[in-house]
Amino acid sequence: QVQLVESGGGLVQAGGALRLSCAASGSIRNINVMGWYRQAPGKQRELVATITSGGSTNYAGSVKGRFTISRDNAKNTVYLQMNSLKPEDTAAYYCNLRQLMYDYWGQGTQVTVSS
């Protein structure tokens, strides 16, 4: 079993920055993909960014150039540095770990960007 614990959400003004962290524990494989997804009220959950255990990254177009995903494999932790935040970035952000074709999810952390 795998557990994911997120931290770092909060309230920030437009143009500000936040850093999210997600620590994974349990049966972690060497090869996996970790990432962040978000869900705003009334909307479907959407991809924000992913990073493979080898360091390859993928970003949603709406965050490219503003958000940076990174990971520390020794700590099984993934980070999301969010800069130049916009009100439309307001959502619950969920950490994801995918390994052996199975998805694990964190409990979510709220990010609210005020205008």
# chains A, B, ... in the order shown; residues from 1 in each chain; ligands from 1

$ residues_around --residues "Asp72 (chain A)" --least-positions-apart "4" --cutoff "10 Å" --atoms "only C-alpha atoms" --output "PyMOL selection string"
chain A and resi 23+53+55+76-79

$ residues_around --residues "region 2-8 of chain A" --least-positions-apart "4" --cutoff "6 Å" --atoms "only C-alpha atoms" --output "mmCIF file with N, CA and C atoms, in the first residue's frame"
data_model
loop_
_atom_site.group_PDB
_atom_site.id
_atom_site.type_symbol
_atom_site.label_atom_id
_atom_site.label_comp_id
_atom_site.auth_asym_id
_atom_site.auth_seq_id
_atom_site.Cartn_x
_atom_site.Cartn_y
_atom_site.Cartn_z
ATOM 1 N N ARG A 19 4.536 26.812 -2.557
ATOM 2 C CA ARG A 19 5.231 25.564 -2.865
ATOM 3 C C ARG A 19 4.500 24.422 -2.175
ATOM 4 N N LEU A 20 4.072 23.465 -2.979
ATOM 5 C CA LEU A 20 3.416 22.273 -2.461
ATOM 6 C C LEU A 20 4.424 21.137 -2.351
ATOM 7 N N SER A 21 4.229 20.307 -1.335
ATOM 8 C CA SER A 21 5.057 19.119 -1.155
ATOM 9 C C SER A 21 4.158 17.914 -0.988
ATOM 10 N N CYS A 22 4.661 16.767 -1.412
ATOM 11 C CA CYS A 22 3.917 15.515 -1.250
ATOM 12 C C CYS A 22 4.914 14.412 -0.939
ATOM 13 N N ALA A 23 4.774 13.817 0.240
ATOM 14 C CA ALA A 23 5.655 12.743 0.657
ATOM 15 C C ALA A 23 4.936 11.412 0.512
ATOM 16 N N ALA A 24 5.578 10.493 -0.179
ATOM 17 C CA ALA A 24 5.018 9.156 -0.379
ATOM 18 C C ALA A 24 5.701 8.173 0.565
ATOM 19 N N SER A 25 4.929 7.235 1.051
ATOM 20 C CA SER A 25 5.472 6.189 1.913
ATOM 21 C C SER A 25 4.766 4.872 1.603
ATOM 22 N N GLY A 26 5.381 3.782 2.047
ATOM 23 C CA GLY A 26 4.808 2.474 1.787
ATOM 24 C C GLY A 26 5.592 1.737 0.718
ATOM 25 N N SER A 27 4.893 0.982 -0.103
ATOM 26 C CA SER A 27 5.526 0.135 -1.120
ATOM 27 C C SER A 27 5.780 0.943 -2.395
ATOM 28 N N GLY A 106 -3.373 11.533 -2.882
ATOM 29 C CA GLY A 106 -3.360 12.169 -1.585
ATOM 30 C C GLY A 106 -4.738 12.711 -1.248
#

$ atom_distance --atom1 "CA of Leu85 (chain A)" --atom2 "CA of Val113 (chain A)"
6.8 Å

$ select_by_dssp --residues "region 52-95 of chain A" --states "strand (DSSP E)" --output "list in words"
Thr52, Thr57, Asn58, Tyr59, Phe67, Thr68, Ile69, Ser70, Arg71, Asp72, Thr77, Val78, Tyr79, Leu80, Gln81, Met82, Ala91, Ala92, Tyr93, Tyr94 and Cys95 of chain A

$ atom_distance --atom1 "CA of Ser114 (chain A)" --atom2 "CA of Val48 (chain A)"
19.5 Å

$ closest_residue --among "A:Arg29, A:Arg38, A:Arg45, A:Lys75" --to "Val111 (chain A)" --atoms "only C-alpha atoms"
A:Arg38

$ closest_residue --among "A:Thr52, A:Gln39, A:Gln13, A:Thr109" --to "Leu97 (chain A)" --atoms "only C-alpha atoms"
A:Thr52

$ residues_around --residues "Lys64 (chain A)" --least-positions-apart "4" --cutoff "12 Å" --atoms "only C-alpha atoms" --output "count of residues only"
15

$ residues_around --residues "Ala40 (chain A)" --least-positions-apart "4" --cutoff "12 Å" --atoms "only C-alpha atoms" --output "PyMOL selection string"
chain A and resi 44-47+87-94+108-113

$ atom_distance --atom1 "CA of Gly42 (chain A)" --atom2 "CA of Arg98 (chain A)"
25.2 Å
